[in-house]
>>> print(open('start15.csv').read())   # CSV, C-alpha atoms
chain,number,residue,atom,x,y,z
T,1,MET,CA,74.7,-28.9,24.7
T,2,GLN,CA,74.8,-31.4,21.9
T,3,GLU,CA,71.2,-32.5,22.7
T,4,GLU,CA,70.0,-28.9,22.6
T,5,LYS,CA,71.7,-28.4,19.2
T,6,THR,CA,70.1,-31.6,17.9
T,7,GLN,CA,66.6,-30.5,19.1
T,8,ALA,CA,67.1,-27.1,17.4
T,9,GLN,CA,68.1,-28.7,14.1
T,10,GLN,CA,65.0,-30.9,14.3
T,11,GLN,CA,62.8,-28.0,15.0
T,12,GLN,CA,64.3,-26.0,12.1
T,13,ALA,CA,63.8,-29.0,9.7
T,14,SER,CA,60.2,-29.3,10.9
T,15,GLN,CA,59.5,-25.6,10.3
T,16,GLN,CA,61.0,-25.9,6.8
T,17,ALA,CA,58.8,-28.9,6.0
T,18,ILE,CA,55.7,-27.0,7.2
T,19,SER,CA,56.7,-24.0,5.2
T,20,GLY,CA,57.3,-26.2,2.1
T,21,ASN,CA,53.9,-27.8,2.5
T,22,GLU,CA,52.3,-24.4,2.8
T,23,GLU,CA,54.0,-23.1,-0.4
T,24,THR,CA,52.9,-26.3,-2.2
T,25,GLN,CA,49.3,-25.9,-1.1
T,26,LYS,CA,49.4,-22.3,-2.1
T,27,ALA,CA,50.7,-23.1,-5.5
T,28,GLU,CA,48.1,-25.8,-6.0
T,29,HIS,CA,45.4,-23.4,-4.9
T,30,GLU,CA,46.6,-20.7,-7.3
T,31,ASN,CA,47.3,-23.1,-10.2
T,32,PRO,CA,44.8,-26.0,-9.8
T,33,ALA,CA,45.3,-29.1,-11.9
T,34,PRO,CA,43.5,-28.6,-15.3
T,35,ASP,CA,40.3,-30.4,-15.9
T,36,GLU,CA,39.7,-32.5,-19.1
T,37,ASP,CA,38.4,-29.5,-21.1
T,38,ALA,CA,41.4,-27.5,-20.2
T,39,LEU,CA,43.7,-30.4,-21.0
T,40,LYS,CA,42.1,-30.8,-24.4
T,41,LYS,CA,42.7,-27.1,-25.2
T,42,ILE,CA,46.4,-27.5,-24.1
T,43,ILE,CA,46.8,-30.5,-26.4
T,44,GLU,CA,45.1,-28.6,-29.2
T,45,ALA,CA,47.5,-25.7,-28.7
T,46,LEU,CA,50.6,-28.1,-28.7
T,47,ILE,CA,49.6,-29.8,-31.9
T,48,PHE,CA,48.8,-26.5,-33.6
T,49,ALA,CA,52.1,-24.9,-32.5
T,50,SER,CA,54.4,-27.9,-33.4
T,51,ASP,CA,56.2,-27.6,-36.7
T,52,LYS,CA,56.2,-31.4,-37.1
T,53,PRO,CA,54.0,-34.3,-35.9
T,54,ILE,CA,54.0,-34.3,-32.1
T,55,ALA,CA,54.0,-37.7,-30.4
T,56,ILE,CA,51.8,-38.7,-27.4
T,57,LYS,CA,55.0,-39.2,-25.3
T,58,GLN,CA,56.1,-35.6,-26.0
T,59,ILE,CA,52.7,-34.3,-25.0
T,60,LYS,CA,52.9,-36.3,-21.8
T,61,ASP,CA,56.4,-35.0,-21.0
T,62,ILE,CA,55.2,-31.4,-21.5
T,63,ILE,CA,52.0,-31.6,-19.5
T,64,GLY,CA,53.3,-33.9,-16.8
T,65,ASP,CA,51.7,-36.7,-14.9
T,66,MET,CA,48.9,-37.7,-17.4
T,67,ASP,CA,47.7,-41.1,-18.7
T,68,THR,CA,48.6,-41.6,-22.3
T,69,ARG,CA,45.2,-43.2,-22.9
T,70,LEU,CA,43.6,-39.9,-21.7
T,71,ILE,CA,45.7,-38.0,-24.2
T,72,ARG,CA,44.6,-40.1,-27.1
T,73,LYS,CA,41.0,-39.9,-25.9
T,74,LEU,CA,41.1,-36.1,-25.9
T,75,ILE,CA,42.8,-36.0,-29.3
T,76,ASN,CA,40.0,-38.2,-30.6
T,77,ASP,CA,37.4,-35.9,-29.0
T,78,LEU,CA,39.0,-32.9,-30.8
T,79,LYS,CA,38.9,-34.8,-34.1
T,80,GLU,CA,35.2,-35.6,-33.6
T,81,GLU,CA,34.5,-31.9,-32.8
T,82,PHE,CA,36.2,-30.7,-36.0
T,83,ALA,CA,34.4,-33.3,-38.1
T,84,LYS,CA,31.0,-32.4,-36.5
T,85,ASP,CA,31.6,-28.7,-37.2
T,86,GLN,CA,32.7,-29.6,-40.8
T,87,ARG,CA,35.9,-27.6,-40.4
T,88,SER,CA,38.3,-27.2,-43.3
T,89,PHE,CA,41.0,-29.0,-41.2
T,90,ASN,CA,41.4,-31.8,-38.7
T,91,ILE,CA,44.0,-33.7,-36.8
T,92,SER,CA,45.9,-36.5,-38.5
T,93,GLU,CA,48.1,-39.2,-37.0
T,94,VAL,CA,51.2,-39.0,-39.1
T,95,ALA,CA,54.7,-40.5,-38.7
T,96,GLY,CA,54.1,-41.6,-35.2
T,97,GLY,CA,52.7,-38.2,-34.1
T,98,PHE,CA,49.8,-35.8,-34.6
T,99,GLN,CA,49.5,-32.7,-36.7
T,100,PHE,CA,46.8,-30.5,-38.2
T,101,SER,CA,46.0,-31.2,-41.8
T,102,THR,CA,43.7,-29.4,-44.2
T,103,ASP,CA,40.9,-31.0,-46.2
T,104,PRO,CA,42.2,-31.9,-49.7
T,105,ALA,CA,39.2,-30.1,-51.2
T,106,TYR,CA,41.0,-26.8,-50.4
T,107,SER,CA,44.4,-27.8,-51.9
T,108,ARG,CA,44.0,-25.6,-55.1
T,109,TRP,CA,43.8,-22.5,-52.9
T,110,LEU,CA,46.5,-23.5,-50.5
T,111,LYS,CA,48.9,-24.1,-53.5
T,112,LYS,CA,48.3,-20.5,-54.5
T,113,LEU,CA,48.9,-19.3,-51.0
T,114,TYR,CA,52.3,-21.0,-50.7
T,115,LYS,CA,53.1,-20.6,-54.4
T,116,ILE,CA,54.5,-24.1,-54.5
T,117,LYS,CA,57.2,-24.5,-57.1
T,118,GLN,CA,57.4,-27.4,-59.5
T,119,SER,CA,60.7,-28.4,-57.9
T,120,ASP,CA,58.9,-29.0,-54.6
T,121,TYR,CA,57.0,-31.9,-56.2
T,122,LEU,CA,58.3,-35.4,-56.7
T,123,THR,CA,58.6,-36.3,-60.4
T,124,GLY,CA,57.4,-39.5,-62.0
T,125,PRO,CA,60.8,-41.2,-61.8
T,126,SER,CA,61.2,-40.1,-58.2
T,127,LEU,CA,57.8,-41.4,-57.3
T,128,GLU,CA,58.5,-44.8,-59.0
T,129,THR,CA,61.8,-45.1,-57.2
T,130,ILE,CA,60.5,-44.2,-53.8
T,131,ALA,CA,57.6,-46.6,-54.3
T,132,ILE,CA,60.0,-49.4,-54.9
T,133,ILE,CA,62.0,-48.5,-51.9
T,134,ALA,CA,58.9,-48.2,-49.7
T,135,TYR,CA,57.4,-51.6,-50.6
T,136,ARG,CA,60.7,-53.5,-50.9
T,137,GLN,CA,62.9,-51.9,-48.2
T,138,PRO,CA,65.6,-52.5,-47.3
T,139,VAL,CA,66.6,-52.5,-51.0
T,140,THR,CA,69.8,-51.9,-53.0
T,141,LYS,CA,70.3,-49.5,-55.9
T,142,ALA,CA,70.9,-52.5,-58.2
T,143,ASP,CA,67.6,-54.0,-57.2
T,144,ILE,CA,65.8,-50.7,-57.9
T,145,GLU,CA,67.5,-50.4,-61.3
T,146,PHE,CA,66.6,-54.0,-62.2
T,147,ILE,CA,62.9,-53.2,-61.5
T,148,ARG,CA,62.9,-49.8,-63.2
T,149,GLY,CA,65.2,-50.7,-66.1
T,150,VAL,CA,67.1,-47.4,-65.8
T,151,ALA,CA,70.0,-45.9,-63.8
T,152,VAL,CA,68.8,-44.3,-60.6
T,153,ASP,CA,71.9,-42.6,-59.2
T,154,GLY,CA,70.5,-39.1,-59.7
T,155,VAL,CA,67.1,-39.9,-58.4
T,156,ILE,CA,68.4,-41.6,-55.2
T,157,SER,CA,70.7,-38.7,-54.6
T,158,ASN,CA,67.8,-36.3,-55.0
T,159,LEU,CA,65.5,-38.3,-52.7
T,160,MET,CA,68.2,-38.4,-50.0
T,161,GLN,CA,68.8,-34.7,-50.2
T,162,LYS,CA,65.1,-34.1,-49.7
T,163,GLY,CA,65.2,-36.4,-46.7
T,164,PHE,CA,62.7,-39.0,-48.0
T,165,ILE,CA,65.1,-42.0,-48.0
T,166,LYS,CA,68.2,-42.9,-46.1
T,167,VAL,CA,70.9,-45.6,-45.9
T,168,VAL,CA,69.8,-48.2,-43.4
T,169,GLY,CA,72.7,-50.7,-43.8
T,170,LYS,CA,74.8,-52.7,-46.2
T,171,LYS,CA,73.8,-55.9,-47.9
T,172,ASP,CA,76.0,-58.9,-46.9
T,173,VAL,CA,77.2,-59.7,-50.4
T,174,VAL,CA,80.3,-58.9,-52.5
T,175,GLY,CA,80.9,-55.2,-52.6
T,176,LYS,CA,78.6,-54.5,-49.6
T,177,PRO,CA,76.1,-52.3,-51.5
T,178,TYR,CA,74.1,-49.8,-49.5
T,179,LEU,CA,70.5,-50.7,-48.5
T,180,TYR,CA,68.0,-47.9,-48.7
T,181,GLY,CA,64.8,-47.3,-46.7
T,182,THR,CA,62.2,-44.6,-46.1
T,183,THR,CA,62.3,-41.9,-43.4
T,184,ALA,CA,59.8,-40.3,-41.1
T,185,LEU,CA,59.6,-37.4,-43.5
T,186,PHE,CA,58.4,-39.9,-46.2
T,187,LEU,CA,55.6,-40.9,-43.9
T,188,GLN,CA,54.7,-37.3,-43.1
T,189,TYR,CA,54.8,-36.2,-46.8
T,190,PHE,CA,52.4,-39.0,-47.8
T,191,GLY,CA,50.2,-38.7,-44.7
T,192,LEU,CA,51.1,-42.2,-43.3
T,193,ASN,CA,51.4,-43.0,-39.6
T,194,ALA,CA,53.5,-46.2,-40.3
T,195,ILE,CA,54.9,-48.0,-43.3
T,196,GLU,CA,52.3,-50.7,-42.7
T,197,ASP,CA,49.6,-48.1,-43.8
T,198,LEU,CA,50.8,-48.2,-47.4
T,199,PRO,CA,48.0,-49.6,-49.6
T,200,ALA,CA,48.4,-53.2,-50.6
T,201,LEU,CA,49.9,-53.7,-54.1
T,202,SER,CA,46.8,-55.8,-54.9
T,203,ASP,CA,44.8,-52.6,-54.6
T,204,PHE,CA,46.5,-51.1,-57.7
T,205,ARG,CA,45.4,-51.7,-61.2
T,206,GLU,CA,47.9,-52.9,-63.7
T,207,ALA,CA,47.9,-49.5,-65.4
T,208,ASP,CA,49.0,-47.9,-62.1
T,209,LEU,CA,52.2,-50.0,-62.0
T,210,GLU,CA,54.6,-48.8,-64.7
T,211,PHE,CA,57.8,-50.0,-63.3
T,212,ASN,CA,58.4,-52.6,-66.0
T,213,LYS,CA,57.6,-50.3,-68.9
T,214,PRO,CA,60.6,-49.2,-71.1
T,215,GLN,CA,61.7,-45.7,-70.0
T,216,GLU,CA,64.4,-43.2,-71.0
T,217,THR,CA,67.0,-42.5,-68.3
T,218,ASP,CA,65.8,-39.9,-65.9
T,219,ASN,CA,68.3,-37.2,-66.9
T,220,VAL,CA,67.7,-37.5,-70.7
T,221,LYS,CA,64.9,-35.9,-72.6
T,222,GLN,CA,62.7,-37.8,-75.0
T,223,GLU,CA,63.6,-37.3,-78.7
T,224,ASN,CA,60.3,-35.5,-79.4
T,225,GLU,CA,61.1,-33.0,-76.6
T,226,LEU,CA,64.4,-32.0,-78.1
T,227,PRO,CA,64.4,-28.6,-79.9
>>> encode(input="start15.csv", output="structure tokens")
Amino acid sequence: MQEEKTQAQQQQASQQAISGNEETQKAEHENPAPDEDALKKIIEALIFASDKPIAIKQIKDIIGDMDTRLIRKLINDLKEEFAKDQRSFNISEVAGGFQFSTDPAYSRWLKKLYKIKQSDYLTGPSLETIAIIAYRQPVTKADIEFIRGVAVDGVISNLMQKGFIKVVGKKDVVGKPYLYGTTALFLQYFGLNAIEDLPALSDFREADLEFNKPQETDNVKQENELP
């Protein structure tokens, strides 16, 4: 009796395995694995639809069992196609991921489309401060103020609210001051894939580096601007 029961269980398991294989084969027949051209279109759609740079690992996780080298190859193929067709956009590698970006030649019209406000831009003091942080990070507020020659409390607060910088630790000195560094949003905003992509300071002219010039504090108007 026990032997008959065991044989019946084995037969049932065998039938289930056969049925499972048939369903798998049917699914594979109805939904065959996409070829490279189809994969390229899938990747293009993912990059287009993502609201932030999408990494190769994310693409692999979504598509499934796919070589990361093939993903990069197909992205490069897309970039070459857009460049060959002289499209107004292309794919840029930014902040460790990929996103569509428009040709800077069309920025004046895009600004009108989005009606960018002045508050959306980084001011001169903010740009100088974030440049110091980017090149010298991790850096303390005192170090930034020493270089700029002005108080930067308001500027740092503003940059942190915008998400361009963050606290990355504390300096091991008396008072344990915060150390600041840049974020992935900083890379995205300036079109950089990594902080190493920043231009070398030697590439700048002396006129471009105004950190040591006397300046008014950031929250005070110049005398000739007063009513």
>>> atom_distance(input="start15.csv", atom1="atom CA of Gly149 of chain T", atom2="atom CA of Thr123 of chain T")
16.8 Å
>>> atom_distance(input="start15.csv", atom1="atom CA of Gly97 of chain T", atom2="atom CA of Ile71 of chain T")
12.1 Å
>>> closest_residue(input="start15.csv", among="T:Ile165, T:Ile147, T:Ala131, T:Ile47", to="Gln99 of chain T", atoms="all atoms listed in the file")
T:Ile47
>>> atom_distance(input="start15.csv", atom1="atom CA of Pro177 of chain T", atom2="atom CA of Ser157 of chain T")
15.0 Å
>>> residues_around(input="start15.csv", residues="Ser50 of chain T", least_positions_apart="6", cutoff="12 Å", atoms="all atoms listed in the file", output="list in words")
Ile43, Glu44, Gln58, Ile59, Gly97, Phe98, Gln99 and Phe100 of chain T
>>> residues_around(input="start15.csv", residues="segment 186-200 of chain T", least_positions_apart="6", cutoff="12 Å", atoms="all atoms listed in the file", output="JSON, numbers by chain")
{"T": [51, 52, 53, 54, 55, 91, 92, 93, 94, 95, 96, 97, 98, 99, 100, 101, 102, 104, 120, 121, 122, 127, 130, 131, 132, 133, 134, 135, 136, 137, 159, 160, 162, 163, 164, 165, 166]}
>>> residues_around(input="start15.csv", residues="Lys170 of chain T", least_positions_apart="5", cutoff="12 Å", atoms="only C-alpha atoms", output="PDB file with C-alpha atoms, keeping the file's coordinate frame")
ATOM      1  CA  PRO T 138      65.600 -52.500 -47.300  1.00  0.00           C
ATOM      2  CA  VAL T 139      66.600 -52.500 -51.000  1.00  0.00           C
ATOM      3  CA  THR T 140      69.800 -51.900 -53.000  1.00  0.00           C
ATOM      4  CA  LYS T 141      70.300 -49.500 -55.900  1.00  0.00           C
ATOM      5  CA  GLY T 175      80.900 -55.200 -52.600  1.00  0.00           C
ATOM      6  CA  LYS T 176      78.600 -54.500 -49.600  1.00  0.00           C
ATOM      7  CA  PRO T 177      76.100 -52.300 -51.500  1.00  0.00           C
ATOM      8  CA  TYR T 178      74.100 -49.800 -49.500  1.00  0.00           C
ATOM      9  CA  LEU T 179      70.500 -50.700 -48.500  1.00  0.00           C
ATOM     10  CA  TYR T 180      68.000 -47.900 -48.700  1.00  0.00           C
ATOM     11  CA  GLY T 181      64.800 -47.300 -46.700  1.00  0.00           C
TER      12      GLY T 181
END
>>> residues_around(input="start15.csv", residues="segment 60-64 of chain T", least_positions_apart="4", cutoff="12 Å", atoms="all atoms listed in the file", output="short mmCIF file (atom, residue, chain, number, x, y, z; two decimals) with C-alpha atoms, in the frame of the given file")
data_model
loop_
_atom_site.label_atom_id
_atom_site.label_comp_id
_atom_site.auth_asym_id
_atom_site.auth_seq_id
_atom_site.Cartn_x
_atom_site.Cartn_y
_atom_site.Cartn_z
CA ALA T 33 45.30 -29.10 -11.90
CA PRO T 34 43.50 -28.60 -15.30
CA ALA T 38 41.40 -27.50 -20.20
CA LEU T 39 43.70 -30.40 -21.00
CA LYS T 40 42.10 -30.80 -24.40
CA LYS T 41 42.70 -27.10 -25.20
CA ILE T 42 46.40 -27.50 -24.10
CA ILE T 43 46.80 -30.50 -26.40
CA ALA T 45 47.50 -25.70 -28.70
CA LEU T 46 50.60 -28.10 -28.70
CA ILE T 47 49.60 -29.80 -31.90
CA ILE T 54 54.00 -34.30 -32.10
CA ALA T 55 54.00 -37.70 -30.40
CA ILE T 56 51.80 -38.70 -27.40
CA THR T 68 48.60 -41.60 -22.30
CA ARG T 69 45.20 -43.20 -22.90
CA LEU T 70 43.60 -39.90 -21.70
CA ILE T 71 45.70 -38.00 -24.20
CA ARG T 72 44.60 -40.10 -27.10
#
>>> build_atoms(input="start15.csv", residues="segment 51-78 of chain T", atoms="N, CA and C atoms", output="short mmCIF file (atom, residue, chain, number, x, y, z; two decimals), in the coordinates of the input")
data_model
loop_
_atom_site.label_atom_id
_atom_site.label_comp_id
_atom_site.auth_asym_id
_atom_site.auth_seq_id
_atom_site.Cartn_x
_atom_site.Cartn_y
_atom_site.Cartn_z
N ASP T 51 55.85 -27.65 -35.26
CA ASP T 51 56.20 -27.60 -36.70
C ASP T 51 56.33 -28.95 -37.32
N LYS T 52 56.15 -30.00 -36.53
CA LYS T 52 56.20 -31.40 -37.10
C LYS T 52 55.26 -32.22 -36.19
N PRO T 53 54.89 -33.41 -36.66
CA PRO T 53 54.00 -34.30 -35.90
C PRO T 53 54.51 -34.43 -34.44
N ILE T 54 53.65 -34.22 -33.47
CA ILE T 54 54.00 -34.30 -32.10
C ILE T 54 53.48 -35.64 -31.49
N ALA T 55 54.33 -36.42 -30.87
CA ALA T 55 54.00 -37.70 -30.40
C ALA T 55 53.27 -37.61 -28.99
N ILE T 56 52.51 -38.64 -28.64
CA ILE T 56 51.80 -38.70 -27.40
C ILE T 56 52.81 -38.55 -26.20
N LYS T 57 53.95 -39.23 -26.32
CA LYS T 57 55.00 -39.20 -25.30
C LYS T 57 55.46 -37.74 -25.06
N GLN T 58 55.63 -36.99 -26.16
CA GLN T 58 56.10 -35.60 -26.00
C GLN T 58 55.02 -34.78 -25.31
N ILE T 59 53.75 -35.01 -25.64
CA ILE T 59 52.70 -34.30 -25.00
C ILE T 59 52.66 -34.61 -23.49
N LYS T 60 52.83 -35.87 -23.16
CA LYS T 60 52.90 -36.30 -21.80
C LYS T 60 54.05 -35.64 -21.02
N ASP T 61 55.21 -35.58 -21.66
CA ASP T 61 56.40 -35.00 -21.00
C ASP T 61 56.17 -33.49 -20.77
N ILE T 62 55.43 -32.83 -21.66
CA ILE T 62 55.20 -31.40 -21.50
C ILE T 62 54.15 -31.12 -20.43
N ILE T 63 53.04 -31.86 -20.46
CA ILE T 63 52.00 -31.60 -19.50
C ILE T 63 52.29 -32.13 -18.13
N GLY T 64 52.96 -33.29 -18.08
CA GLY T 64 53.30 -33.90 -16.80
C GLY T 64 52.64 -35.21 -16.56
N ASP T 65 52.25 -35.46 -15.32
CA ASP T 65 51.70 -36.70 -14.90
C ASP T 65 50.28 -36.90 -15.54
N MET T 66 50.22 -37.53 -16.70
CA MET T 66 48.90 -37.70 -17.40
C MET T 66 48.95 -39.01 -18.14
N ASP T 67 47.86 -39.74 -18.03
CA ASP T 67 47.70 -41.10 -18.70
C ASP T 67 47.72 -40.89 -20.18
N THR T 68 48.56 -41.67 -20.86
CA THR T 68 48.60 -41.60 -22.30
C THR T 68 47.29 -41.93 -22.98
N ARG T 69 46.53 -42.81 -22.31
CA ARG T 69 45.20 -43.20 -22.90
C ARG T 69 44.27 -41.98 -22.84
N LEU T 70 44.39 -41.14 -21.83
CA LEU T 70 43.60 -39.90 -21.70
C LEU T 70 43.97 -38.96 -22.84
N ILE T 71 45.27 -38.85 -23.11
CA ILE T 71 45.70 -38.00 -24.20
C ILE T 71 45.13 -38.37 -25.51
N ARG T 72 45.18 -39.67 -25.81
CA ARG T 72 44.60 -40.10 -27.10
C ARG T 72 43.10 -39.91 -27.12
N LYS T 73 42.43 -40.11 -25.99
CA LYS T 73 41.00 -39.90 -25.90
C LYS T 73 40.65 -38.43 -26.26
N LEU T 74 41.41 -37.52 -25.65
CA LEU T 74 41.10 -36.10 -25.90
C LEU T 74 41.44 -35.68 -27.30
N ILE T 75 42.47 -36.29 -27.89
CA ILE T 75 42.80 -36.00 -29.30
C ILE T 75 41.61 -36.50 -30.18
N ASN T 76 41.10 -37.69 -29.88
CA ASN T 76 40.00 -38.20 -30.60
C ASN T 76 38.72 -37.33 -30.44
N ASP T 77 38.55 -36.78 -29.23
CA ASP T 77 37.40 -35.90 -29.00
C ASP T 77 37.57 -34.62 -29.87
N LEU T 78 38.79 -34.10 -29.98
CA LEU T 78 39.00 -32.90 -30.80
C LEU T 78 38.70 -33.25 -32.30
#
